[in-house]
Structure formats: C-alpha cells, structure tokens
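Novice: Here it is: the structure, laid out below.
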Amino acid sequence: MKIDETDRSIIRILEENGRIPNNEIASRLSISEGTVRNRIKKLTDNNYLKIRGLTNPDAQGEKQLIFILVKLEITKRWREIAKKVSQLPNVKSVSMITGRFDLIVELHVEHHSLIDFLTHDLADVGDISSTESLVTIGNFNKWV
C-alpha cells in the first residue's frame, strides 16, 4: 500500500488524539469529511493504521511493564516463533531485532506473574535458548 502526504497528515493528527472527529480532521486539512473517513478506512483495512485506547503503565499499580530479550536456538523459524510469542496472553508487542538477542517482547502483566509467563507461556513456544528480563521502574511518554 502506498500512502501520500494526506494520509500521513491524518495519521499525525490521530497520533495526537485518536478520538478526534473526522470533520475536525477534515477542517484542519481543508479536505472533505468523506475523504478523511475513506482514507482512515483504507489505512485500517490495509493494516497500516490501528486506532485503540492506550493506558499509562505507571498509572496501573496492579500491573508492570516488562521487556524480555529472547535468544532463539536457531533463527530458521524466526518469524514463526515471533508470531507465536506475539499471540501469548499479556504480550503487547514483539519485534525481531539484531544483536545478541533475536526478539524483544513487551509484556504488561500483574506483579509477580513474570515467572509464570517465562516458565509456562514462553517456554511452551519452544526453540528459545535464553531470555533476559528488564522490569521497568518508571516510564516517560509510554502508553500500552
């Protein structure tokens, strides 16, 4: 899918406020509300844009944000394993990365749930040789 400057402008506005009405976006960009509606539909239908509510992880005292660095036994099934991990409960995102590790997993779980995630959920995926967990103690401009 190819996007143009109008699409990028709509996306920038939605990044600031995902609840802004289409007619307000249209007014700011001097285009019709129908154009905005159609562009947003095209972007979401093509999996380029997703609009959702995000929360501040520091405001949720019952949960903690954790990043897990994952090293795979072999990278032959890199994408397949990344996709499986991304579908596990409480996983917010998975990225394939370069360096000493192969994946970085963003996890948002109740306190003291990390051990269960590592020993049950993640272990059941298979082909993982090691992990390193990074528990956040404060976040700035971070939304999950």
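We label chains A, B, ... in the order they appear in the structure tokens, count residues from 1 in each chain, and number ligands from 1 in the order shown.
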Quick check for you: according to DSSP on this backbone, which residues of range 87-131 of chain A are classed as alpha helix (DSSP H)? Reply as number ranges by chain.

Specialist: A: 114-116, 123-125

Novice: Show me, as a short mmCIF file (atom, residue, chain, number, x, y, z; two decimals) with C-alpha atoms, in the first residue's frame, the residues that have an atom within 6 Å of Phe101 in chain A when counting only C-alpha atoms, minus same-chain residues fewer than 2 positions from it.

Specialist:
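To be explicit, this is the file written out as out33.cif:
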data_model
loop_
_atom_site.label_atom_id
_atom_site.label_comp_id
_atom_site.auth_asym_id
_atom_site.auth_seq_id
_atom_site.Cartn_x
_atom_site.Cartn_y
_atom_site.Cartn_z
CA VAL A 70 14.86 -13.57 23.72
CA LYS A 71 17.63 -15.61 22.09
CA GLY A 99 22.46 -8.04 18.13
CA LEU A 103 13.41 -10.85 19.79
#

Novice: If you run DSSP on this backbone, which residues of range 5-143 of chain A come out as strand (DSSP E), and could you give them as JSON, numbers by chain?

Specialist: {"A": [63, 64, 65, 66, 67, 68, 69, 70, 71, 72, 91, 92, 93, 94, 95, 96, 103, 104, 105, 106, 107, 108, 109, 110, 128, 129, 130, 131, 132, 133, 134, 135]}

Novice: Hey, can you spit out that residue selection with C-alpha atoms as a CSV table (one decimal), in the first residue's frame?

Specialist:
chain,number,residue,atom,x,y,z
A,63,LYS,CA,0.5,-4.3,36.5
A,64,GLN,CA,4.1,-3.8,35.5
A,65,LEU,CA,5.7,-3.3,32.1
A,66,ILE,CA,8.5,-5.8,31.3
A,67,PHE,CA,10.7,-6.1,28.3
A,68,ILE,CA,12.1,-9.6,27.6
A,69,LEU,CA,15.1,-10.2,25.4
A,70,VAL,CA,14.9,-13.6,23.7
A,71,LYS,CA,17.6,-15.6,22.1
A,72,LEU,CA,16.5,-18.4,19.8
A,91,VAL,CA,2.1,-9.6,25.2
A,92,LYS,CA,1.8,-6.1,23.8
A,93,SER,CA,4.3,-6.4,21.0
A,94,VAL,CA,7.2,-8.5,19.7
A,95,SER,CA,10.0,-7.2,17.5
A,96,MET,CA,12.7,-9.1,15.6
A,103,LEU,CA,13.4,-10.8,19.8
A,104,ILE,CA,12.3,-8.2,22.2
A,105,VAL,CA,8.9,-8.8,23.9
A,106,GLU,CA,6.9,-6.1,25.5
A,107,LEU,CA,4.8,-7.7,28.3
A,108,HIS,CA,2.2,-6.0,30.6
A,109,VAL,CA,1.3,-8.3,33.4
A,110,GLU,CA,0.2,-8.3,37.0
A,128,ILE,CA,14.2,-20.5,22.9
A,129,SER,CA,17.7,-20.8,24.3
A,130,SER,CA,17.7,-17.9,26.7
A,131,THR,CA,15.9,-14.8,27.9
A,132,GLU,CA,16.8,-11.7,29.8
A,133,SER,CA,14.0,-9.7,31.6
A,134,LEU,CA,14.0,-6.0,32.0
A,135,VAL,CA,11.4,-4.7,34.5

Novice: Range 46-62 of chain A: which residues within 10 Å, counting only C-alpha atoms, same-chain residues fewer than 6 positions away excluded, as a PyMOL selection string?

Specialist: chain A and resi 1-3+11+14-15+17-19+40+108-111+136-144

Novice: Output C-alpha atoms for every residue in that selection, as a PDB file, in the first residue's frame.

Specialist:
ATOM      1  CA  MET A   1       0.000   0.000   0.000  1.00  0.00           C
ATOM      2  CA  LYS A   2       1.293   3.410  -0.917  1.00  0.00           C
ATOM      3  CA  ILE A   3       0.408   6.365   1.277  1.00  0.00           C
ATOM      4  CA  ILE A  11      -2.083   9.715  10.877  1.00  0.00           C
ATOM      5  CA  LEU A  14      -4.743  10.701  15.065  1.00  0.00           C
ATOM      6  CA  GLU A  15      -1.459  10.038  16.895  1.00  0.00           C
ATOM      7  CA  ASN A  17      -5.743  12.314  19.619  1.00  0.00           C
ATOM      8  CA  GLY A  18      -7.294   9.080  18.342  1.00  0.00           C
ATOM      9  CA  ARG A  19     -10.780  10.303  19.296  1.00  0.00           C
ATOM     10  CA  ILE A  40      -8.927   6.068   7.548  1.00  0.00           C
ATOM     11  CA  HIS A 108       2.249  -5.971  30.555  1.00  0.00           C
ATOM     12  CA  VAL A 109       1.339  -8.283  33.444  1.00  0.00           C
ATOM     13  CA  GLU A 110       0.208  -8.349  37.040  1.00  0.00           C
ATOM     14  CA  HIS A 111       3.023  -8.116  39.580  1.00  0.00           C
ATOM     15  CA  THR A 136      10.587  -1.041  34.105  1.00  0.00           C
ATOM     16  CA  ILE A 137      10.651   1.120  37.225  1.00  0.00           C
ATOM     17  CA  GLY A 138       9.391   4.295  35.562  1.00  0.00           C
ATOM     18  CA  ASN A 139       8.141   5.309  32.143  1.00  0.00           C
ATOM     19  CA  PHE A 140       8.036   8.602  30.295  1.00  0.00           C
ATOM     20  CA  ASN A 141       5.665   9.206  27.381  1.00  0.00           C
ATOM     21  CA  LYS A 142       4.954   5.448  27.292  1.00  0.00           C
ATOM     22  CA  TRP A 143       1.478   4.095  26.583  1.00  0.00           C
ATOM     23  CA  VAL A 144       0.391   0.460  26.295  1.00  0.00           C
TER      24      VAL A 144
END

Novice: So that I can see what lies close to Ser30 in chain A, please list as an MDAnalysis selection string the residues with an atom at most 12 Å from it, counting only C-alpha atoms and leaving out residues fewer than 6 positions away in the same chain.

Specialist: chainID A and resid 6 9:10 22:24 36

Novice: Once you have the residues from the selection above, write them out as a short mmCIF file (atom, residue, chain, number, x, y, z; two decimals), in the first residue's frame, restricted to C-alpha atoms.

Specialist:
data_model
loop_
_atom_site.label_atom_id
_atom_site.label_comp_id
_atom_site.auth_asym_id
_atom_site.auth_seq_id
_atom_site.Cartn_x
_atom_site.Cartn_y
_atom_site.Cartn_z
CA THR A 6 -2.70 13.49 3.14
CA SER A 9 -1.25 14.16 7.95
CA ILE A 10 -4.31 12.21 9.04
CA ASN A 22 -13.38 13.12 11.21
CA ASN A 23 -14.97 16.51 10.48
CA GLU A 24 -12.35 18.22 12.67
CA VAL A 36 -11.00 11.54 5.83
#

Novice: How far is it from CA of Leu43 in chain A to CA of Arg8 in chain A, in Å with one decimal?

Specialist: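 Computing it gives 10.2 Å between the two atoms.
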
Novice: Nearest to Arg77 in chain A: which of A:Asp127, A:Glu16, A:Asp4, A:Glu33 is it, counting only C-alpha atoms?

Specialist: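 Of the candidates, the smallest distance to Arg77 in chain A is held by A:Asp127.
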
Novice: Between CA of Val125 in chain A and CA of Val85 in chain A, what is the spacing in Å?

Specialist: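 Atom-to-atom, CA of Val85 in chain A to CA of Val125 in chain A, that is 7.0 Å.
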